[in-house]
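Asker: Provided herewith: input-v3.txt, compact mmCIF, C-alpha atoms.
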```
# COMPACT_ATOMS: atom_id res chain seq x y z
CA MET V 108 -9.14 -20.14 -1.29
CA PHE V 109 -6.99 -20.14 -4.42
CA THR V 110 -10.12 -20.22 -6.57
CA LEU V 111 -11.46 -17.12 -4.81
CA PHE V 112 -8.07 -15.45 -5.14
CA LYS V 113 -8.09 -16.09 -8.91
CA ARG V 114 -11.66 -14.81 -9.12
CA GLU V 115 -10.67 -11.57 -7.39
CA ILE V 116 -7.70 -11.06 -9.70
CA LYS V 117 -9.91 -11.79 -12.71
CA ASN V 118 -12.50 -9.30 -11.46
CA PHE V 119 -9.84 -6.62 -11.09
CA LEU V 120 -8.40 -7.22 -14.55
CA SER V 121 -11.73 -7.75 -16.31
CA SER V 122 -12.93 -4.33 -15.17
CA LEU V 123 -11.34 -0.96 -15.76
CA ILE V 124 -10.39 -0.40 -12.13
CA GLY V 125 -7.29 -2.61 -12.22
CA TYR V 126 -5.91 -1.02 -15.36
CA ILE V 127 -6.84 2.48 -14.21
CA VAL V 128 -5.00 2.01 -10.91
CA ILE V 129 -1.84 0.77 -12.63
CA ALA V 130 -2.03 3.46 -15.34
CA VAL V 131 -2.62 6.30 -12.85
CA PHE V 132 0.25 5.14 -10.63
CA LEU V 133 2.65 5.01 -13.58
CA LEU V 134 1.37 8.24 -15.14
CA ILE V 135 1.68 10.32 -11.97
CA ASN V 136 5.13 9.00 -11.17
CA GLY V 137 6.26 9.28 -14.79
CA LEU V 138 5.15 12.92 -15.08
CA PHE V 139 6.75 13.97 -11.79
CA LEU V 140 9.98 12.04 -12.35
CA TRP V 141 10.62 12.76 -16.03
CA VAL V 142 8.42 15.61 -17.32
CA PHE V 143 7.49 18.28 -14.77
CA PRO V 144 10.41 20.66 -14.01
CA ILE V 145 10.36 20.19 -10.24
CA ASP V 146 12.69 18.83 -7.57
CA TYR V 147 11.51 15.25 -8.18
CA ASN V 148 12.59 15.41 -11.84
CA ILE V 149 15.48 12.98 -12.31
CA LEU V 150 16.96 14.70 -15.37
CA GLN V 151 16.74 18.17 -13.86
CA ASN V 152 18.02 17.08 -10.47
CA GLY V 153 21.20 15.72 -12.00
CA TYR V 154 21.59 12.75 -9.65
CA ALA V 155 21.32 9.08 -10.61
CA ASN V 156 18.79 7.98 -8.02
CA LEU V 157 15.11 7.13 -7.67
CA ASP V 158 14.46 9.08 -4.47
CA GLY V 159 11.57 10.90 -6.15
CA LEU V 160 9.76 7.63 -6.87
CA PHE V 161 10.02 6.49 -3.27
CA MET V 162 8.87 9.86 -1.95
CA LEU V 163 5.91 10.02 -4.33
CA GLY V 164 5.00 6.33 -4.17
CA PRO V 165 3.46 6.35 -0.66
CA ILE V 166 1.40 9.48 -1.44
CA VAL V 167 0.02 7.96 -4.64
CA PHE V 168 -0.67 4.64 -2.87
CA LEU V 169 -2.49 6.59 -0.17
CA PHE V 170 -5.24 7.31 -2.69
CA LEU V 171 -5.00 4.40 -5.11
CA ILE V 172 -4.99 1.49 -2.66
CA PRO V 173 -8.24 2.59 -0.95
CA ALA V 174 -9.69 2.77 -4.48
CA ILE V 175 -8.59 -0.85 -5.08
CA THR V 176 -9.88 -2.24 -1.79
CA MET V 177 -13.08 -0.22 -1.27
CA ARG V 178 -15.18 -2.74 -3.18
CA SER V 179 -13.71 -5.89 -1.57
CA PHE V 180 -16.50 -6.48 0.93
CA ALA V 181 -18.60 -3.34 0.44
CA GLU V 182 -19.73 -4.51 -3.00
CA GLU V 183 -20.44 -8.02 -1.70
CA LYS V 184 -22.61 -6.54 1.06
CA ARG V 185 -24.38 -4.11 -1.26
CA SER V 186 -25.22 -6.78 -3.83
CA GLY V 187 -26.22 -9.32 -1.19
CA THR V 188 -23.61 -11.89 -2.24
CA ILE V 189 -21.75 -11.73 1.07
CA GLU V 190 -23.87 -14.48 2.63
CA MET V 191 -23.40 -16.75 -0.37
CA LEU V 192 -19.66 -16.11 -0.23
CA MET V 193 -19.53 -16.95 3.47
CA THR V 194 -21.41 -20.21 2.99
CA LYS V 195 -18.71 -21.58 0.68
CA PRO V 196 -16.42 -24.26 2.16
CA LEU V 197 -13.97 -21.60 3.29
CA THR V 198 -13.28 -20.06 6.66
CA ASP V 199 -13.73 -16.32 7.14
CA LEU V 200 -9.96 -15.98 7.35
CA GLN V 201 -9.45 -17.75 4.02
CA VAL V 202 -11.95 -15.42 2.33
CA ILE V 203 -10.19 -12.39 3.82
CA LEU V 204 -6.73 -13.63 2.80
CA ALA V 205 -7.89 -14.37 -0.75
CA LYS V 206 -9.14 -10.80 -1.14
CA TYR V 207 -6.08 -9.41 0.65
CA PHE V 208 -3.55 -11.20 -1.57
CA ALA V 209 -5.52 -10.24 -4.69
CA GLY V 210 -5.25 -6.58 -3.69
CA PHE V 211 -1.56 -6.96 -2.92
CA VAL V 212 -0.88 -8.59 -6.30
CA LEU V 213 -2.44 -5.60 -8.04
CA VAL V 214 -0.11 -3.32 -6.05
CA LEU V 215 2.80 -5.52 -7.15
CA PHE V 216 1.65 -5.25 -10.79
CA SER V 217 1.71 -1.45 -10.49
CA LEU V 218 5.27 -1.48 -9.17
CA LEU V 219 6.82 -3.90 -11.65
CA PRO V 220 6.81 -1.45 -14.63
CA THR V 221 8.77 1.07 -12.53
CA LEU V 222 11.78 -1.23 -12.93
CA ILE V 223 12.09 0.55 -16.30
CA TYR V 224 12.92 3.69 -14.29
CA TYR V 225 15.60 1.74 -12.41
CA ILE V 226 17.18 0.49 -15.65
CA SER V 227 17.05 4.00 -17.15
CA VAL V 228 18.68 5.66 -14.16
CA TYR V 229 21.23 2.84 -13.96
CA HIS V 230 22.42 3.72 -17.47
CA LEU V 231 22.01 7.50 -17.19
CA GLY V 232 24.73 7.98 -14.59
CA SER V 233 27.99 9.56 -15.75
CA THR V 234 29.43 6.19 -14.75
CA VAL V 235 27.05 3.43 -15.76
CA GLY V 236 25.83 1.63 -12.66
CA ASN V 237 26.61 4.59 -10.37
CA LEU V 238 23.47 3.96 -8.35
CA ASP V 239 22.89 3.25 -4.67
CA GLU V 240 21.55 -0.24 -5.26
CA GLY V 241 21.21 -1.05 -1.55
CA GLY V 242 19.08 2.02 -0.91
CA THR V 243 17.08 1.47 -4.10
CA TRP V 244 16.17 -2.16 -3.42
CA GLY V 245 15.57 -1.38 0.24
CA SER V 246 13.14 1.33 -0.85
CA TYR V 247 11.38 -1.08 -3.19
CA ILE V 248 10.98 -3.60 -0.37
CA GLY V 249 9.78 -0.81 1.93
CA LEU V 250 7.24 0.32 -0.68
CA LEU V 251 5.95 -3.25 -1.00
CA PHE V 252 5.52 -3.54 2.77
CA LEU V 253 3.83 -0.14 2.87
CA GLY V 254 1.48 -1.19 0.06
CA ALA V 255 0.75 -4.46 1.87
CA ALA V 256 -0.12 -2.53 5.04
CA PHE V 257 -2.39 -0.14 3.15
CA VAL V 258 -4.19 -3.10 1.53
CA SER V 259 -4.88 -4.66 4.94
CA ILE V 260 -6.28 -1.33 6.18
CA GLY V 261 -8.39 -0.96 3.04
CA ILE V 262 -9.80 -4.49 3.33
CA PHE V 263 -10.85 -3.72 6.92
CA ALA V 264 -12.44 -0.41 5.88
CA SER V 265 -14.47 -2.19 3.19
CA THR V 266 -16.21 -4.30 5.87
CA ILE V 267 -17.46 -1.25 7.77
CA SER V 268 -19.96 -0.03 5.19
CA ASP V 269 -21.75 -1.36 2.11
CA ASN V 270 -21.12 2.01 0.46
CA GLN V 271 -17.88 1.99 -1.52
CA ILE V 272 -17.35 5.74 -1.20
CA ILE V 273 -17.64 5.60 2.59
CA SER V 274 -15.23 2.64 2.63
CA PHE V 275 -12.82 4.65 0.48
CA ILE V 276 -12.96 7.65 2.84
CA ILE V 277 -12.46 5.50 5.94
CA SER V 278 -9.54 3.71 4.32
CA LEU V 279 -7.99 6.99 3.16
CA PHE V 280 -8.28 8.42 6.67
CA LEU V 281 -6.78 5.35 8.37
CA CYS V 282 -3.93 5.00 5.86
CA GLY V 283 -3.19 8.73 6.14
CA PHE V 284 -3.25 8.59 9.93
CA PHE V 285 -0.87 5.64 10.13
CA TYR V 286 1.48 7.21 7.58
CA PHE V 287 1.45 10.86 8.73
CA GLY V 288 -0.43 10.98 12.02
CA PHE V 289 2.15 9.65 14.44
CA ASP V 290 4.82 11.96 12.97
CA PHE V 291 2.64 14.93 13.96
CA ILE V 292 1.65 13.52 17.35
CA TYR V 293 5.17 12.71 18.57
CA GLN V 294 6.25 16.32 18.03
CA LEU V 295 3.83 17.50 20.71
CA ASP V 296 5.59 18.39 23.95
CA ILE V 297 3.14 16.45 26.12
CA PHE V 298 4.72 13.03 25.53
CA GLY V 299 8.24 13.75 26.78
CA GLY V 300 10.33 10.58 26.78
CA LEU V 301 7.64 8.64 24.93
CA ALA V 302 8.01 10.79 21.81
CA LEU V 303 10.26 8.35 19.93
CA PHE V 304 8.01 5.43 20.85
CA ILE V 305 5.00 7.34 19.51
CA GLN V 306 6.89 8.03 16.28
CA SER V 307 7.78 4.34 15.94
CA LEU V 308 4.07 3.47 15.84
CA GLY V 309 3.75 5.19 12.45
CA ILE V 310 4.44 3.64 9.06
CA ASN V 311 6.67 6.46 7.86
CA ALA V 312 9.39 5.83 10.47
CA HIS V 313 9.80 2.21 9.37
CA TYR V 314 9.43 2.94 5.65
CA SER V 315 12.13 5.63 5.91
CA SER V 316 14.38 3.18 7.75
CA MET V 317 14.04 0.58 4.97
CA SER V 318 14.67 3.27 2.33
CA ARG V 319 18.22 3.61 3.66
CA GLY V 320 18.92 0.11 2.37
CA VAL V 321 18.99 -1.58 5.78
CA ILE V 322 16.30 -4.22 6.22
CA ASP V 323 15.94 -4.26 10.00
CA SER V 324 13.97 -7.13 11.54
CA ARG V 325 12.15 -4.57 13.72
CA ASP V 326 10.78 -2.82 10.63
CA VAL V 327 9.69 -6.12 9.06
CA LEU V 328 8.07 -7.17 12.35
CA TYR V 329 6.24 -3.84 12.56
CA PHE V 330 4.71 -4.21 9.10
CA LEU V 331 3.78 -7.86 9.64
CA SER V 332 2.19 -6.95 12.97
CA LEU V 333 0.21 -4.07 11.47
CA ILE V 334 -1.02 -6.25 8.62
CA SER V 335 -1.98 -9.04 11.04
CA ILE V 336 -3.86 -6.63 13.32
CA PHE V 337 -6.02 -5.27 10.50
CA ILE V 338 -6.67 -8.74 9.07
CA LEU V 339 -7.75 -9.80 12.57
CA LEU V 340 -10.00 -6.73 12.87
CA THR V 341 -11.50 -7.61 9.48
CA LYS V 342 -12.20 -11.14 10.71
CA ILE V 343 -13.83 -9.83 13.89
CA LYS V 344 -15.97 -7.39 11.91
CA LEU V 345 -17.16 -10.13 9.54
CA GLU V 346 -17.92 -12.48 12.42
CA SER V 347 -19.98 -9.77 14.10
CA ARG V 348 -22.73 -10.44 11.54
CA LYS V 349 -23.44 -13.69 13.45
CA TRP V 350 -23.85 -12.01 16.84
```
Now that the file is in, can you turn its structure into structure tokens?
Answerer:
Amino acid sequence: MFTLFKREIKNFLSSLIGYIVIAVFLLINGLFLWVFPIDYNILQNGYANLDGLFMLGPIVFLFLIPAITMRSFAEEKRSGTIEMLMTKPLTDLQVILAKYFAGFVLVLFSLLPTLIYYISVYHLGSTVGNLDEGGTWGSYIGLLFLGAAFVSIGIFASTISDNQIISFIISLFLCGFFYFGFDFIYQLDIFGGLALFIQSLGINAHYSSMSRGVIDSRDVLYFLSLISIFILLTKIKLESRKW
């Protein structure tokens, strides 16, 4: 499993896609946080916080993570190497987890350079260190969980088709639905007392909760459950080739 994991990481970093994903993530956030004269701009806003990063991060991940994961199984199926991969002395779950953790590591690589933003804002305050560290680190943890959930969805989407573009579109739709969809649905009057429960099914409710700096076990359990469900669905989809 570890060998496959290393191979996946090597494939990401030996091609342009890994570097493009990291560069695009940093470029978009850098432009919106430091250059463009908009509400997200830290210097223009006048407050020592990274709220803009944690508001933009999920939107950027919504497009970039499907781009990372779309080739995971779709490319294997298109090139015909999926059968060879599945005949290795690994279980289906080990293959899935190797690809999943490789995708997650790339997400982690894209986030690590943003610590430069944290250090900059930390020293830019009128009082050095005048930064809501609890909220900041909670938001970072929330963004990692959100990225992990998007990767699990993207891995599942890549098993549905051998066309990477179709896998990308399916992943984009599913990630968008789980992030935005339930927030729209719960506002409908038809659900009555179930409205808050419907809202709690969406990623945004739990990500927003973590962004306040409080790491609630219910939020962690939600993300772990969502990740497990999509990894299980991926396993079922792969096993369906034997039926």
Asker: Using all atoms listed in the file, which of the listed residues (V:Phe284, V:Phe216, V:Phe211, V:Tyr224) sits closest to Ile334 of chain V?
Answerer: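 Looking at the shortest contact to Ile334 of chain V, the residue is V:Phe211.
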Asker: Determine, for each residue of segment 308-343 of chain V having at least one atom at most 9 Å from an atom of segment 261-270 of chain V, the closest pair of atoms and their separation in Å to one decimal, counting all atoms listed in the file; order by chain and ascending number, as CSV.
Answerer:
```
residue,atom,partner,partner_atom,distance
V:Phe337,CA,V:Phe263,CA,6.2
V:Ile338,CA,V:Phe263,CA,6.9
V:Leu339,CA,V:Phe263,CA,8.9
V:Leu340,CA,V:Phe263,CA,6.7
V:Thr341,CA,V:Phe263,CA,4.7
V:Lys342,CA,V:Phe263,CA,8.4
```
Asker: Report, in Å with one decimal, the straight-line distance from atom CA of Ile322 of chain V to atom CA of Phe304 of chain V.
Answerer: 19.4 Å
Asker: Per residue of segment 164-195 of chain V within 8 Å of segment 131-154 of chain V, note the shortest atom pair and the distance in Å to one decimal, counting all atoms listed in the file, and order the rows by chain and increasing residue number, as a Markdown table.
Answerer:
```
| residue | atom | partner | partner_atom | distance |
| --- | --- | --- | --- | --- |
| V:Gly164 | CA | V:Asn136 | CA | 7.5 |
| V:Val167 | CA | V:Phe132 | CA | 6.6 |
| V:Phe168 | CA | V:Phe132 | CA | 7.8 |
| V:Leu171 | CA | V:Phe132 | CA | 7.7 |
```
Asker: Just the selected residues (C-alpha atoms), exported as a short mmCIF file (atom, residue, chain, number, x, y, z; two decimals), in the frame of the given file, please.
Answerer:
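What follows is the written file result.cif:
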```
data_model
loop_
_atom_site.label_atom_id
_atom_site.label_comp_id
_atom_site.auth_asym_id
_atom_site.auth_seq_id
_atom_site.Cartn_x
_atom_site.Cartn_y
_atom_site.Cartn_z
CA GLY V 164 5.00 6.33 -4.17
CA VAL V 167 0.02 7.96 -4.64
CA PHE V 168 -0.67 4.64 -2.87
CA LEU V 171 -5.00 4.40 -5.11
#
```
Asker: Measuring between all atoms listed in the file, which one of V:Thr176, V:Thr243, V:Thr198, V:Ser335 shows the shortest distance to Thr221 of chain V?
Answerer: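 Going through V:Thr176, V:Thr243, V:Thr198, V:Ser335 one by one, the smallest distance to Thr221 of chain V is for V:Thr243.
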Asker: Kindly give the distance, in Å, that separates atom CA of Ile127 of chain V and atom CA of Tyr225 of chain V, rounded to a single decimal.
Answerer: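 A separation of 22.5 Å between them.
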Asker: Could you check how far atom CA of Ser278 of chain V sits from atom CA of Tyr314 of chain V, in Å to one decimal?
Answerer: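 The value is 19.0 Å.
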Asker: Would you save segment 220-347 of chain V from the block above with C-alpha atoms, as a PDB file, in the first residue's frame?
Answerer:
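The file below, result.pdb, is the result:
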```
ATOM      1  CA  PRO V 220       2.742  27.745   2.096  1.00  0.00           C
ATOM      2  CA  THR V 221      -0.246  29.763   3.356  1.00  0.00           C
ATOM      3  CA  LEU V 222       1.411  29.709   6.784  1.00  0.00           C
ATOM      4  CA  ILE V 223       3.414  32.620   5.330  1.00  0.00           C
ATOM      5  CA  TYR V 224       0.129  34.570   5.334  1.00  0.00           C
ATOM      6  CA  TYR V 225      -0.360  33.662   8.997  1.00  0.00           C
ATOM      7  CA  ILE V 226       3.135  34.874   9.921  1.00  0.00           C
ATOM      8  CA  SER V 227       2.630  38.082   7.920  1.00  0.00           C
ATOM      9  CA  VAL V 228      -0.709  38.912   9.516  1.00  0.00           C
ATOM     10  CA  TYR V 229       0.682  37.990  12.940  1.00  0.00           C
ATOM     11  CA  HIS V 230       3.315  40.721  12.576  1.00  0.00           C
ATOM     12  CA  LEU V 231       1.124  43.252  10.738  1.00  0.00           C
ATOM     13  CA  GLY V 232      -1.217  43.897  13.650  1.00  0.00           C
ATOM     14  CA  SER V 233      -0.867  47.220  15.458  1.00  0.00           C
ATOM     15  CA  THR V 234       0.060  44.985  18.391  1.00  0.00           C
ATOM     16  CA  VAL V 235       2.214  42.122  17.190  1.00  0.00           C
ATOM     17  CA  GLY V 236       0.397  38.848  17.784  1.00  0.00           C
ATOM     18  CA  ASN V 237      -3.036  40.518  17.909  1.00  0.00           C
ATOM     19  CA  LEU V 238      -4.606  37.614  16.051  1.00  0.00           C
ATOM     20  CA  ASP V 239      -7.430  35.245  16.923  1.00  0.00           C
ATOM     21  CA  GLU V 240      -5.222  32.182  17.039  1.00  0.00           C
ATOM     22  CA  GLY V 241      -8.015  29.852  18.174  1.00  0.00           C
ATOM     23  CA  GLY V 242     -10.225  30.829  15.254  1.00  0.00           C
ATOM     24  CA  THR V 243      -7.297  30.732  12.817  1.00  0.00           C
ATOM     25  CA  TRP V 244      -6.083  27.248  13.745  1.00  0.00           C
ATOM     26  CA  GLY V 245      -9.655  26.003  13.977  1.00  0.00           C
ATOM     27  CA  SER V 246     -10.212  27.281  10.435  1.00  0.00           C
ATOM     28  CA  TYR V 247      -7.059  25.544   9.229  1.00  0.00           C
ATOM     29  CA  ILE V 248      -8.223  22.268  10.758  1.00  0.00           C
ATOM     30  CA  GLY V 249     -11.676  22.802   9.243  1.00  0.00           C
ATOM     31  CA  LEU V 250     -10.133  23.464   5.820  1.00  0.00           C
ATOM     32  CA  LEU V 251      -8.101  20.253   6.094  1.00  0.00           C
ATOM     33  CA  PHE V 252     -11.214  18.242   6.949  1.00  0.00           C
ATOM     34  CA  LEU V 253     -13.108  19.910   4.115  1.00  0.00           C
ATOM     35  CA  GLY V 254     -10.276  19.104   1.702  1.00  0.00           C
ATOM     36  CA  ALA V 255     -10.207  15.507   2.953  1.00  0.00           C
ATOM     37  CA  ALA V 256     -13.958  15.200   2.337  1.00  0.00           C
ATOM     38  CA  PHE V 257     -13.652  16.656  -1.169  1.00  0.00           C
ATOM     39  CA  VAL V 258     -10.846  14.190  -1.967  1.00  0.00           C
ATOM     40  CA  SER V 259     -13.017  11.232  -0.917  1.00  0.00           C
ATOM     41  CA  ILE V 260     -15.839  12.520  -3.139  1.00  0.00           C
ATOM     42  CA  GLY V 261     -13.428  13.052  -6.024  1.00  0.00           C
ATOM     43  CA  ILE V 262     -11.957   9.550  -5.696  1.00  0.00           C
ATOM     44  CA  PHE V 263     -15.483   8.104  -5.866  1.00  0.00           C
ATOM     45  CA  ALA V 264     -16.350  10.233  -8.910  1.00  0.00           C
ATOM     46  CA  SER V 265     -13.231   8.986 -10.711  1.00  0.00           C
ATOM     47  CA  THR V 266     -14.545   5.400 -10.555  1.00  0.00           C
ATOM     48  CA  ILE V 267     -17.791   6.274 -12.335  1.00  0.00           C
ATOM     49  CA  SER V 268     -16.312   7.009 -15.754  1.00  0.00           C
ATOM     50  CA  ASP V 269     -13.079   6.391 -17.648  1.00  0.00           C
ATOM     51  CA  ASN V 270     -13.346   9.948 -18.982  1.00  0.00           C
ATOM     52  CA  GLN V 271     -11.474  12.392 -16.762  1.00  0.00           C
ATOM     53  CA  ILE V 272     -13.635  15.360 -17.767  1.00  0.00           C
ATOM     54  CA  ILE V 273     -16.831  13.520 -16.842  1.00  0.00           C
ATOM     55  CA  SER V 274     -15.243  12.484 -13.530  1.00  0.00           C
ATOM     56  CA  PHE V 275     -14.296  16.118 -12.921  1.00  0.00           C
ATOM     57  CA  ILE V 276     -17.857  17.330 -13.593  1.00  0.00           C
ATOM     58  CA  ILE V 277     -19.412  14.662 -11.361  1.00  0.00           C
ATOM     59  CA  SER V 278     -16.960  15.461  -8.573  1.00  0.00           C
ATOM     60  CA  LEU V 279     -17.558  19.205  -8.943  1.00  0.00           C
ATOM     61  CA  PHE V 280     -21.322  18.675  -8.753  1.00  0.00           C
ATOM     62  CA  LEU V 281     -21.146  16.396  -5.689  1.00  0.00           C
ATOM     63  CA  CYS V 282     -18.677  18.621  -3.823  1.00  0.00           C
ATOM     64  CA  GLY V 283     -20.775  21.698  -4.643  1.00  0.00           C
ATOM     65  CA  PHE V 284     -23.968  19.978  -3.526  1.00  0.00           C
ATOM     66  CA  PHE V 285     -22.524  18.872  -0.199  1.00  0.00           C
ATOM     67  CA  TYR V 286     -21.017  22.308   0.424  1.00  0.00           C
ATOM     68  CA  PHE V 287     -23.859  24.569  -0.775  1.00  0.00           C
ATOM     69  CA  GLY V 288     -26.847  22.332  -1.479  1.00  0.00           C
ATOM     70  CA  PHE V 289     -28.122  21.616   2.006  1.00  0.00           C
ATOM     71  CA  ASP V 290     -27.903  25.320   2.923  1.00  0.00           C
ATOM     72  CA  PHE V 291     -30.370  26.054   0.107  1.00  0.00           C
ATOM     73  CA  ILE V 292     -32.611  23.071   0.829  1.00  0.00           C
ATOM     74  CA  TYR V 293     -33.082  23.723   4.557  1.00  0.00           C
ATOM     75  CA  GLN V 294     -34.401  27.226   3.826  1.00  0.00           C
ATOM     76  CA  LEU V 295     -37.421  25.773   2.041  1.00  0.00           C
ATOM     77  CA  ASP V 296     -40.577  25.980   4.141  1.00  0.00           C
ATOM     78  CA  ILE V 297     -41.567  22.369   3.473  1.00  0.00           C
ATOM     79  CA  PHE V 298     -39.247  20.831   6.070  1.00  0.00           C
ATOM     80  CA  GLY V 299     -40.519  22.628   9.176  1.00  0.00           C
ATOM     81  CA  GLY V 300     -38.811  21.293  12.293  1.00  0.00           C
ATOM     82  CA  LEU V 301     -36.362  19.241  10.231  1.00  0.00           C
ATOM     83  CA  ALA V 302     -34.750  22.355   8.743  1.00  0.00           C
ATOM     84  CA  LEU V 303     -31.790  22.435  11.147  1.00  0.00           C
ATOM     85  CA  PHE V 304     -31.208  18.712  10.683  1.00  0.00           C
ATOM     86  CA  ILE V 305     -31.172  19.191   6.901  1.00  0.00           C
ATOM     87  CA  GLN V 306     -28.652  22.015   7.298  1.00  0.00           C
ATOM     88  CA  SER V 307     -26.431  19.824   9.499  1.00  0.00           C
ATOM     89  CA  LEU V 308     -26.088  17.338   6.632  1.00  0.00           C
ATOM     90  CA  GLY V 309     -24.064  19.892   4.647  1.00  0.00           C
ATOM     91  CA  ILE V 310     -20.325  20.483   4.893  1.00  0.00           C
ATOM     92  CA  ASN V 311     -20.624  24.248   5.294  1.00  0.00           C
ATOM     93  CA  ALA V 312     -22.411  24.047   8.666  1.00  0.00           C
ATOM     94  CA  HIS V 313     -19.608  21.983  10.193  1.00  0.00           C
ATOM     95  CA  TYR V 314     -16.805  23.901   8.476  1.00  0.00           C
ATOM     96  CA  SER V 315     -18.256  27.192   9.771  1.00  0.00           C
ATOM     97  CA  SER V 316     -18.484  25.708  13.266  1.00  0.00           C
ATOM     98  CA  MET V 317     -14.797  24.734  13.234  1.00  0.00           C
ATOM     99  CA  SER V 318     -13.861  28.183  11.892  1.00  0.00           C
ATOM    100  CA  ARG V 319     -15.003  29.682  15.189  1.00  0.00           C
ATOM    101  CA  GLY V 320     -12.083  27.923  16.869  1.00  0.00           C
ATOM    102  CA  VAL V 321     -14.150  25.263  18.625  1.00  0.00           C
ATOM    103  CA  ILE V 322     -13.314  21.723  17.529  1.00  0.00           C
ATOM    104  CA  ASP V 323     -16.565  19.931  18.353  1.00  0.00           C
ATOM    105  CA  SER V 324     -16.523  16.130  18.289  1.00  0.00           C
ATOM    106  CA  ARG V 325     -19.784  16.233  16.298  1.00  0.00           C
ATOM    107  CA  ASP V 326     -18.087  18.153  13.492  1.00  0.00           C
ATOM    108  CA  VAL V 327     -15.117  15.769  13.456  1.00  0.00           C
ATOM    109  CA  LEU V 328     -17.489  12.776  13.454  1.00  0.00           C
ATOM    110  CA  TYR V 329     -19.446  14.286  10.562  1.00  0.00           C
ATOM    111  CA  PHE V 330     -16.356  14.671   8.382  1.00  0.00           C
ATOM    112  CA  LEU V 331     -15.013  11.227   9.255  1.00  0.00           C
ATOM    113  CA  SER V 332     -18.415   9.715   8.481  1.00  0.00           C
ATOM    114  CA  LEU V 333     -18.691  11.521   5.145  1.00  0.00           C
ATOM    115  CA  ILE V 334     -15.181  10.443   4.150  1.00  0.00           C
ATOM    116  CA  SER V 335     -15.896   6.835   5.187  1.00  0.00           C
ATOM    117  CA  ILE V 336     -19.173   6.763   3.236  1.00  0.00           C
ATOM    118  CA  PHE V 337     -17.539   7.871  -0.013  1.00  0.00           C
ATOM    119  CA  ILE V 338     -14.581   5.523   0.439  1.00  0.00           C
ATOM    120  CA  LEU V 339     -17.103   2.709   0.976  1.00  0.00           C
ATOM    121  CA  LEU V 340     -19.027   3.774  -2.147  1.00  0.00           C
ATOM    122  CA  THR V 341     -15.746   3.765  -4.071  1.00  0.00           C
ATOM    123  CA  LYS V 342     -15.037   0.234  -2.852  1.00  0.00           C
ATOM    124  CA  ILE V 343     -18.518  -0.928  -3.864  1.00  0.00           C
ATOM    125  CA  LYS V 344     -18.157   0.663  -7.302  1.00  0.00           C
ATOM    126  CA  LEU V 345     -14.785  -1.017  -7.881  1.00  0.00           C
ATOM    127  CA  GLU V 346     -16.101  -4.381  -6.725  1.00  0.00           C
ATOM    128  CA  SER V 347     -19.022  -4.078  -9.125  1.00  0.00           C
TER     129      SER V 347
END
```
